[in-house]
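data16.txt, holding compact mmCIF, C-alpha atoms:
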```txt
# COMPACT_ATOMS: atom_id res chain seq x y z
CA MET I 1 82.93 -0.64 -41.12
CA GLU I 2 84.07 -2.54 -44.18
CA HIS I 3 82.05 -5.61 -43.17
CA SER I 4 78.96 -3.65 -42.30
CA PRO I 5 75.92 -4.74 -44.31
CA HIS I 6 75.07 -1.06 -44.65
CA ALA I 7 78.36 -0.12 -46.30
CA SER I 8 77.09 -0.32 -49.87
CA GLN I 9 73.90 1.46 -48.88
CA LYS I 10 75.91 4.28 -47.35
CA SER I 11 78.01 4.67 -50.45
CA LEU I 12 74.81 4.79 -52.50
CA TRP I 13 73.70 7.82 -50.47
CA LEU I 14 77.10 9.47 -50.81
CA ARG I 15 77.27 8.76 -54.55
CA SER I 16 73.79 10.15 -55.08
CA LEU I 17 74.51 13.16 -52.90
CA ALA I 18 77.54 14.02 -55.02
CA ILE I 19 75.32 14.08 -58.11
CA VAL I 20 72.32 15.79 -56.56
CA SER I 21 73.94 18.38 -54.26
CA PRO I 22 74.38 21.01 -57.00
CA ILE I 23 70.73 20.50 -57.95
CA ILE I 24 69.56 20.81 -54.33
CA LEU I 25 71.68 23.92 -53.79
CA GLY I 26 69.99 25.45 -56.83
CA TYR I 27 66.50 24.29 -55.80
CA ILE I 28 66.61 25.72 -52.28
CA PRO I 29 66.74 29.41 -53.33
CA VAL I 30 64.28 28.93 -56.22
CA GLY I 31 61.91 26.81 -54.08
CA PHE I 32 62.23 29.47 -51.40
CA ALA I 33 61.35 32.18 -53.93
CA TYR I 34 58.36 30.12 -55.08
CA GLY I 35 57.18 29.64 -51.48
CA VAL I 36 57.40 33.36 -50.69
CA LEU I 37 55.69 34.38 -53.95
CA ALA I 38 52.90 31.78 -53.59
CA LYS I 39 52.14 33.06 -50.11
CA SER I 40 52.09 36.67 -51.32
CA GLN I 41 49.67 35.74 -54.14
CA GLY I 42 47.18 34.22 -51.72
CA LEU I 43 47.85 30.46 -51.87
CA SER I 44 47.44 28.64 -48.55
CA ALA I 45 50.52 26.97 -47.04
CA PHE I 46 48.96 23.57 -47.77
CA ASN I 47 48.35 24.34 -51.46
CA THR I 48 51.79 25.91 -51.87
CA VAL I 49 53.54 22.77 -50.60
CA ALA I 50 51.06 20.46 -52.38
CA MET I 51 52.03 22.03 -55.72
CA SER I 52 55.72 21.30 -55.06
CA VAL I 53 54.88 17.68 -54.18
CA LEU I 54 52.37 16.99 -56.98
CA VAL I 55 53.56 19.15 -59.89
CA PHE I 56 57.31 19.56 -59.18
CA ALA I 57 58.12 21.84 -62.11
CA GLY I 58 59.76 25.08 -60.97
CA SER I 59 59.18 27.49 -63.82
CA SER I 60 55.53 26.49 -64.31
CA GLN I 61 54.88 26.73 -60.56
CA LEU I 62 56.23 30.30 -60.50
CA ILE I 63 54.18 31.17 -63.58
CA ALA I 64 51.03 29.56 -62.12
CA VAL I 65 51.41 31.50 -58.88
CA SER I 66 51.52 34.80 -60.76
CA LEU I 67 48.42 33.71 -62.73
CA PHE I 68 46.55 32.82 -59.52
CA GLY I 69 47.53 36.27 -58.21
CA ALA I 70 46.26 37.94 -61.38
CA GLY I 71 42.91 36.17 -61.03
CA ALA I 72 43.31 33.95 -64.13
CA SER I 73 40.74 31.19 -64.73
CA ALA I 74 41.36 27.57 -63.74
CA ALA I 75 41.38 26.47 -67.39
CA SER I 76 43.93 29.05 -68.47
CA ILE I 77 46.26 28.16 -65.57
CA ILE I 78 46.11 24.45 -66.44
CA LEU I 79 46.58 25.14 -70.18
CA THR I 80 49.56 27.41 -69.53
CA THR I 81 51.11 24.76 -67.27
CA PHE I 82 50.60 22.18 -70.01
CA VAL I 83 52.33 24.32 -72.63
CA VAL I 84 55.21 25.38 -70.37
CA ASN I 85 55.84 21.77 -69.32
CA LEU I 86 55.35 20.22 -72.76
CA ARG I 87 59.13 20.44 -73.16
CA HIS I 88 59.41 17.41 -70.85
CA LEU I 89 57.94 15.39 -73.70
CA LEU I 90 61.16 15.91 -75.60
CA MET I 91 63.34 15.24 -72.54
CA SER I 92 61.41 12.06 -71.75
CA ALA I 93 61.83 10.94 -75.38
CA SER I 94 65.53 11.71 -75.30
CA LEU I 95 66.08 9.53 -72.19
CA SER I 96 63.82 6.74 -73.47
CA PRO I 97 66.54 4.78 -75.36
CA PHE I 98 68.32 4.24 -72.03
CA LEU I 99 65.20 2.92 -70.28
CA ARG I 100 64.89 -0.23 -72.35
CA GLY I 101 64.52 -3.17 -70.02
CA TRP I 102 63.10 -1.10 -67.16
CA LYS I 103 59.78 -2.24 -65.69
CA LYS I 104 56.75 -0.09 -66.50
CA SER I 105 56.29 0.69 -62.80
CA GLU I 106 59.91 1.90 -62.60
CA ILE I 107 59.47 4.18 -65.62
CA THR I 108 56.21 5.45 -64.12
CA PHE I 109 58.01 6.44 -60.92
CA PHE I 110 61.11 7.80 -62.65
CA SER I 111 59.10 10.04 -65.00
CA PHE I 112 57.17 11.71 -62.20
CA GLU I 113 60.37 13.42 -61.04
CA LEU I 114 61.78 14.29 -64.46
CA THR I 115 62.73 17.98 -64.35
CA ASP I 116 65.08 20.20 -66.36
CA GLU I 117 67.72 19.62 -63.70
CA SER I 118 67.31 15.88 -63.17
CA PHE I 119 67.23 15.55 -66.96
CA ALA I 120 70.54 17.40 -67.21
CA ALA I 121 72.04 15.09 -64.56
CA HIS I 122 70.69 11.85 -66.08
CA SER I 123 71.57 12.78 -69.65
CA ALA I 124 75.17 13.03 -68.42
CA ARG I 125 74.97 9.76 -66.41
CA PHE I 126 72.97 7.48 -68.73
CA PRO I 127 75.39 7.32 -71.69
CA GLU I 128 78.04 6.14 -69.21
CA GLY I 129 75.89 3.32 -67.88
CA GLY I 130 74.05 5.25 -65.17
CA ALA I 131 70.68 3.83 -66.25
CA ASN I 132 71.80 0.41 -64.98
CA ASP I 133 72.16 1.84 -61.48
CA LYS I 134 68.46 2.27 -60.77
CA ALA I 135 68.97 2.76 -57.03
CA GLU I 136 71.24 5.75 -57.68
CA THR I 137 68.85 7.09 -60.34
CA PHE I 138 65.84 6.99 -58.00
CA CYS I 139 67.90 8.29 -55.10
CA VAL I 140 68.97 11.34 -57.12
CA ASN I 141 65.36 12.05 -58.14
CA VAL I 142 63.86 11.67 -54.67
CA MET I 143 66.58 13.74 -53.00
CA ALA I 144 66.15 16.47 -55.63
CA GLN I 145 62.40 16.67 -54.99
CA ALA I 146 62.99 16.62 -51.23
CA GLY I 147 65.26 19.66 -51.72
CA TRP I 148 62.59 21.40 -53.77
CA VAL I 149 59.91 20.74 -51.14
CA CYS I 150 62.26 21.89 -48.33
CA GLY I 151 62.98 25.14 -50.19
CA THR I 152 59.22 25.64 -50.60
CA VAL I 153 58.53 25.07 -46.88
CA LEU I 154 61.29 27.53 -45.93
CA GLY I 155 59.77 30.08 -48.32
CA VAL I 156 56.29 29.61 -46.83
CA LEU I 157 57.70 30.08 -43.32
CA ALA I 158 59.68 33.18 -44.35
CA GLY I 159 56.73 34.50 -46.34
CA GLU I 160 55.27 35.98 -43.15
CA ALA I 161 58.28 38.28 -42.81
CA ILE I 162 59.02 39.07 -46.48
CA THR I 163 56.59 41.47 -48.10
CA ASP I 164 58.70 42.59 -51.07
CA VAL I 165 60.84 40.06 -52.99
CA ARG I 166 62.73 42.66 -55.04
CA PRO I 167 65.34 43.82 -52.49
CA ILE I 168 66.68 40.26 -52.12
CA ALA I 169 66.30 39.58 -55.88
CA LEU I 170 64.15 36.46 -55.41
CA ASP I 171 62.71 37.21 -58.85
CA TYR I 172 66.18 36.49 -60.32
CA ALA I 173 66.42 32.98 -58.86
CA LEU I 174 64.76 31.34 -61.86
CA PRO I 175 66.70 33.17 -64.64
CA ALA I 176 69.97 32.48 -62.76
CA MET I 177 69.09 28.78 -62.54
CA PHE I 178 68.36 28.67 -66.28
CA ILE I 179 71.74 30.35 -66.96
CA ALA I 180 73.58 27.72 -64.92
CA LEU I 181 71.71 24.85 -66.60
CA LEU I 182 72.28 26.33 -70.05
CA ALA I 183 76.02 26.66 -69.38
CA GLY I 184 76.15 22.91 -68.77
CA GLN I 185 74.30 22.15 -72.02
CA LEU I 186 76.55 24.06 -74.46
CA LYS I 187 78.60 21.04 -75.47
CA GLY I 188 79.67 22.27 -78.91
CA LYS I 189 79.13 24.84 -81.65
CA THR I 190 75.85 23.30 -82.80
CA HIS I 191 74.46 23.45 -79.26
CA VAL I 192 75.42 27.14 -79.05
CA PHE I 193 73.72 27.65 -82.42
CA ALA I 194 70.56 25.91 -81.16
CA ALA I 195 70.56 28.06 -78.02
CA LEU I 196 70.97 31.32 -79.96
CA VAL I 197 68.24 30.45 -82.46
CA ALA I 198 65.86 29.43 -79.66
CA GLY I 199 66.58 32.61 -77.71
CA ALA I 200 66.08 34.82 -80.77
CA VAL I 201 62.88 33.11 -81.92
CA SER I 202 61.40 33.05 -78.43
CA THR I 203 62.21 36.73 -77.85
CA GLY I 204 60.77 37.61 -81.27
CA LEU I 205 57.57 35.66 -80.60
CA SER I 206 57.25 37.25 -77.19
CA LEU I 207 57.56 40.71 -78.81
CA ALA I 208 54.91 39.68 -81.34
CA GLY I 209 52.57 38.87 -78.47
CA VAL I 210 52.75 35.05 -78.69
CA ASP I 211 52.88 34.11 -75.01
CA GLN I 212 51.91 30.56 -74.23
CA TRP I 213 53.24 28.71 -77.27
CA GLY I 214 56.39 30.78 -77.82
CA VAL I 215 58.72 28.52 -75.84
CA ILE I 216 57.60 25.34 -77.60
CA ILE I 217 57.70 26.87 -81.10
CA ALA I 218 61.16 28.37 -80.46
CA THR I 219 62.49 25.08 -79.05
CA VAL I 220 61.31 22.94 -81.95
CA THR I 221 62.47 25.49 -84.55
CA ALA I 222 65.93 25.76 -82.99
CA ALA I 223 66.44 22.02 -82.48
CA LEU I 224 65.33 21.40 -86.10
CA ALA I 225 67.65 24.12 -87.41
CA ALA I 226 70.57 22.68 -85.43
CA THR I 227 69.84 19.16 -86.69
CA VAL I 228 69.64 20.31 -90.30
CA TRP I 229 72.86 22.28 -89.91
CA LYS I 230 74.73 19.36 -88.37
CA GLU I 231 73.34 16.62 -90.64
CA TRP I 232 73.33 18.26 -94.03
CA ILE I 233 75.31 21.47 -94.02
CA SER I 234 78.39 21.10 -91.85
CA ALA I 235 78.71 17.34 -92.42
CA MET E 1 39.88 31.72 -56.08
CA ASP E 2 39.09 29.69 -52.99
CA GLN E 3 41.68 27.23 -51.65
CA ARG E 4 39.58 24.16 -52.50
CA LEU E 5 39.36 25.18 -56.14
CA ILE E 6 43.08 26.06 -56.15
CA PHE E 7 43.79 22.51 -55.01
CA PHE E 8 41.76 21.08 -57.92
CA VAL E 9 43.68 23.34 -60.31
CA ILE E 10 46.92 21.96 -58.83
CA VAL E 11 45.71 18.39 -59.45
CA GLY E 12 44.94 19.40 -63.05
CA MET E 13 48.42 20.91 -63.34
CA MET E 14 49.85 17.62 -62.07
CA ALA E 15 48.02 15.64 -64.76
CA VAL E 16 49.11 17.87 -67.65
CA THR E 17 52.69 17.96 -66.35
CA TYR E 18 53.02 14.25 -65.65
CA LEU E 19 51.67 12.86 -68.93
CA PRO E 20 54.31 14.51 -71.19
CA ARG E 21 56.99 13.32 -68.75
CA LEU E 22 55.69 9.76 -68.75
CA LEU E 23 54.31 8.83 -72.17
CA PRO E 24 57.47 9.05 -74.33
CA ALA E 25 59.57 7.18 -71.75
CA LEU E 26 56.88 4.51 -71.44
CA PHE E 27 56.14 3.98 -75.13
CA LEU E 28 59.36 4.85 -76.93
CA SER E 29 61.66 2.86 -74.68
CA SER E 30 60.98 -0.48 -76.34
CA ARG E 31 61.60 0.86 -79.84
CA SER E 32 64.79 2.26 -81.24
CA LEU E 33 64.86 5.85 -82.37
CA SER E 34 66.53 6.94 -85.58
CA PRO E 35 69.89 8.72 -85.13
CA VAL E 36 68.49 11.93 -86.62
CA ILE E 37 65.73 12.02 -84.00
CA VAL E 38 68.22 11.26 -81.23
CA ARG E 39 70.37 14.16 -82.47
CA PHE E 40 67.34 16.46 -82.62
CA LEU E 41 66.41 15.51 -79.06
CA GLY E 42 69.98 16.22 -77.96
CA TYR E 43 69.56 19.89 -78.91
CA VAL E 44 66.28 20.25 -77.04
CA PRO E 45 67.63 21.05 -73.54
CA ALA E 46 69.89 23.90 -74.73
CA ALA E 47 67.08 25.23 -76.93
CA VAL E 48 64.31 25.09 -74.33
CA LEU E 49 66.44 26.71 -71.63
CA SER E 50 67.39 29.59 -73.96
CA ALA E 51 63.81 29.97 -75.10
CA MET E 52 62.72 30.48 -71.49
CA LEU E 53 65.74 32.58 -70.51
CA PHE E 54 66.32 35.11 -73.31
CA PRO E 55 62.98 36.97 -73.15
CA SER E 56 63.37 37.39 -69.38
CA LEU E 57 66.79 39.03 -69.90
CA LEU E 58 66.14 41.09 -73.05
CA LEU E 59 62.58 42.28 -72.51
CA ARG E 60 61.12 44.39 -69.76
CA GLU E 61 57.35 44.85 -69.70
CA GLY E 62 57.18 43.46 -73.22
CA ARG E 63 59.78 45.78 -74.77
CA PRO E 64 63.44 45.29 -75.66
CA ASP E 65 65.67 46.86 -73.01
CA LEU E 66 69.43 46.94 -73.51
CA SER E 67 69.96 49.92 -71.21
CA LEU E 68 72.45 49.84 -68.34
CA ASP E 69 69.72 49.65 -65.72
CA ASN E 70 68.43 46.32 -67.06
CA LEU E 71 70.08 44.44 -64.18
CA PHE E 72 68.73 41.05 -65.28
CA LEU E 73 70.69 41.31 -68.53
CA TRP E 74 74.02 42.54 -67.15
CA ALA E 75 74.02 40.24 -64.13
CA ALA E 76 73.59 37.34 -66.56
CA ILE E 77 77.10 37.78 -68.00
CA PRO E 78 79.20 37.15 -64.84
CA CYS E 79 76.62 34.56 -63.79
CA PHE E 80 77.09 32.68 -67.08
CA LEU E 81 80.91 32.91 -66.93
CA LEU E 82 80.91 31.54 -63.38
CA ALA E 83 78.61 28.69 -64.40
CA ILE E 84 80.85 27.81 -67.38
CA ARG E 85 83.95 27.85 -65.15
CA THR E 86 82.65 26.09 -62.06
CA ARG E 87 79.54 24.17 -63.20
CA SER E 88 78.04 25.23 -59.90
CA MET E 89 74.32 25.95 -59.99
CA PHE E 90 74.38 27.24 -56.42
CA GLY E 91 77.30 29.58 -57.17
CA ALA E 92 75.59 30.96 -60.26
CA VAL E 93 72.22 31.45 -58.52
CA ALA E 94 73.86 33.10 -55.49
CA LEU E 95 76.02 35.39 -57.65
CA GLY E 96 73.11 36.35 -59.91
CA MET E 97 70.75 37.14 -57.04
CA GLY E 98 73.55 38.95 -55.18
CA LEU E 99 74.35 41.17 -58.17
CA VAL E 100 70.71 42.04 -58.87
CA ALA E 101 70.07 42.76 -55.18
CA ALA E 102 73.24 44.90 -54.97
CA GLY E 103 72.33 46.73 -58.18
CA ARG E 104 68.88 47.57 -56.85
CA TYR E 105 70.31 48.71 -53.52
CA PHE E 106 73.17 50.86 -54.84
CA LEU E 107 71.78 52.05 -58.17
CA GLY E 108 68.13 52.11 -57.21
CA ALA E 109 67.44 50.44 -60.58
```

What is this file in structure tokens?
Amino acid sequence: MEHSPHASQKSLWLRSLAIVSPIILGYIPVGFAYGVLAKSQGLSAFNTVAMSVLVFAGSSQLIAVSLFGAGASAASIILTTFVVNLRHLLMSASLSPFLRGWKKSEITFFSFELTDESFAAHSARFPEGGANDKAETFCVNVMAQAGWVCGTVLGVLAGEAITDVRPIALDYALPAMFIALLAGQLKGKTHVFAALVAGAVSTGLSLAGVDQWGVIIATVTAALAATVWKEWISA
Amino acid sequence: MDQRLIFFVIVGMMAVTYLPRLLPALFLSSRSLSPVIVRFLGYVPAAVLSAMLFPSLLLREGRPDLSLDNLFLWAAIPCFLLAIRTRSMFGAVALGMGLVAAGRYFLGA
């Protein structure tokens, strides 16, 4: 085996799998939940899977499905998706210093599969030189999306049998995923501070009836407050 | 909405999702960012996740709910502790869904 020309390729798959397996294990239940819910809100199997292939953004897909079900207009669904996914702007910017020297076509491909979860994985890998291993980077992204699409397909297939998602708590898949991702992001006191401010502001705005922009406003406010605290107050 | 129109909405969703993912990586990568901006961006993931999470735990039908039958809120605590300990997304998702499902079954909440 050690002289096999495929040896390095095999270790690439194993290396990537080690990084991506927690993401896939999280995506399967949430993708499944999305598939079941999309079916119950009247999306065809084709459209349900197409959204996972083309959009690939879990929370906005779940939100869009409930909007389709509620009879929302095309424009309001697209606008809501835009606002909910605008956070990727900040994630994309935060990874950008590591992508110097990448070809434009490589960045174009990489960005298509930038999610909360792949961002969390790459923001841990890149400072340790992970951005130089493009094969592993792409492998992680493609395997993650494959997991998401598989979860969706399973959900569509099971959707025939499942009429109520509450008894199996499919509606808790997304909050539970956010909890797990958040746990991995609390790297110090300032991060905890940012999280608490964002949670408080977002909850307050939601109570005040600000729906679509609440997440973005809360995120920017909290990240600014944390930066000010770290740079000028605690320093 | 008919399935053809739904597909066009999905294509629109793709466009508005992809551009914010792509443009900063494409146009910022050749320039260096100031350390303050890099620090700001470092707080974004924790902030955005909390901003999406907290209202779903604390509010029910648009009102604050800290009562014992708010399963989403109470299930979040063991779920969070497990995630901190094990860093396992699957474990946390399975535990969270398990607790909420069990709570609904046994408490009828």

* **Neighbour list for Ile78 of chain I as a PyMOL selection string, cut-off 8 Å, only C-alpha atoms, skip fewer than 5 positions in-chain** => chain E and resi 9+12-13+16

Preceding selection exported with C-alpha atoms as a JSON list (two decimals), in the coordinates of the input:
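What ended up in part.json:
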```
[["chain", "number", "residue", "atom", "x", "y", "z"],
["E", 9, "VAL", "CA", 43.68, 23.34, -60.31],
["E", 12, "GLY", "CA", 44.94, 19.40, -63.05],
["E", 13, "MET", "CA", 48.42, 20.91, -63.34],
["E", 16, "VAL", "CA", 49.11, 17.87, -67.65]]
```

Long-range neighbours of Thr203 of chain I as a compact mmCIF listing (two decimals) with C-alpha atoms, keeping the file's coordinate frame, 9 Å cut-off, all atoms listed in the file, 5 positions minimum in chain:
```txt
# COMPACT_ATOMS: atom_id res chain seq x y z
CA ALA I 198 65.86 29.43 -79.66
CA ALA I 208 54.91 39.68 -81.34
CA GLY I 214 56.39 30.78 -77.82
CA ALA I 218 61.16 28.37 -80.46
CA ALA E 51 63.81 29.97 -75.10
CA MET E 52 62.72 30.48 -71.49
CA PHE E 54 66.32 35.11 -73.31
CA PRO E 55 62.98 36.97 -73.15
CA SER E 56 63.37 37.39 -69.38
CA LEU E 58 66.14 41.09 -73.05
CA LEU E 59 62.58 42.28 -72.51
CA PRO E 64 63.44 45.29 -75.66
```

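Once Ala45 of chain I and its same-chain neighbours fewer than 5 positions away are set aside, Gly35, Ala38, Lys39, Ala50, Thr152, Val153, Gly155, Val156, Leu157 and Gly159 of chain I; Gln3 of chain E remain within 10 Å of it when counting all atoms listed in the file.
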
* Asked: Which of these, I:Ala33, I:Ala18, I:Leu205, I:Ala226, has the shortest distance to Val93 of chain E once you count only C-alpha atoms?
  -> I:Ala33

* Exercise answer, chain E residues close to chain I, 7 Å and only C-alpha atoms, as a count of residues only -> 54

* In Å, rounded to a single decimal, give me how far atom CA of Ile162 of chain I is from atom CA of Asp65 of chain E. => 28.4 Å

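Straight-line separation from atom CA of Gly103 of chain E to atom CA of Asp164 of chain I: 15.9 Å.
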
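Atom to atom, atom CA of Leu95 of chain E and atom CA of Ser118 of chain I stand 22.1 Å apart.
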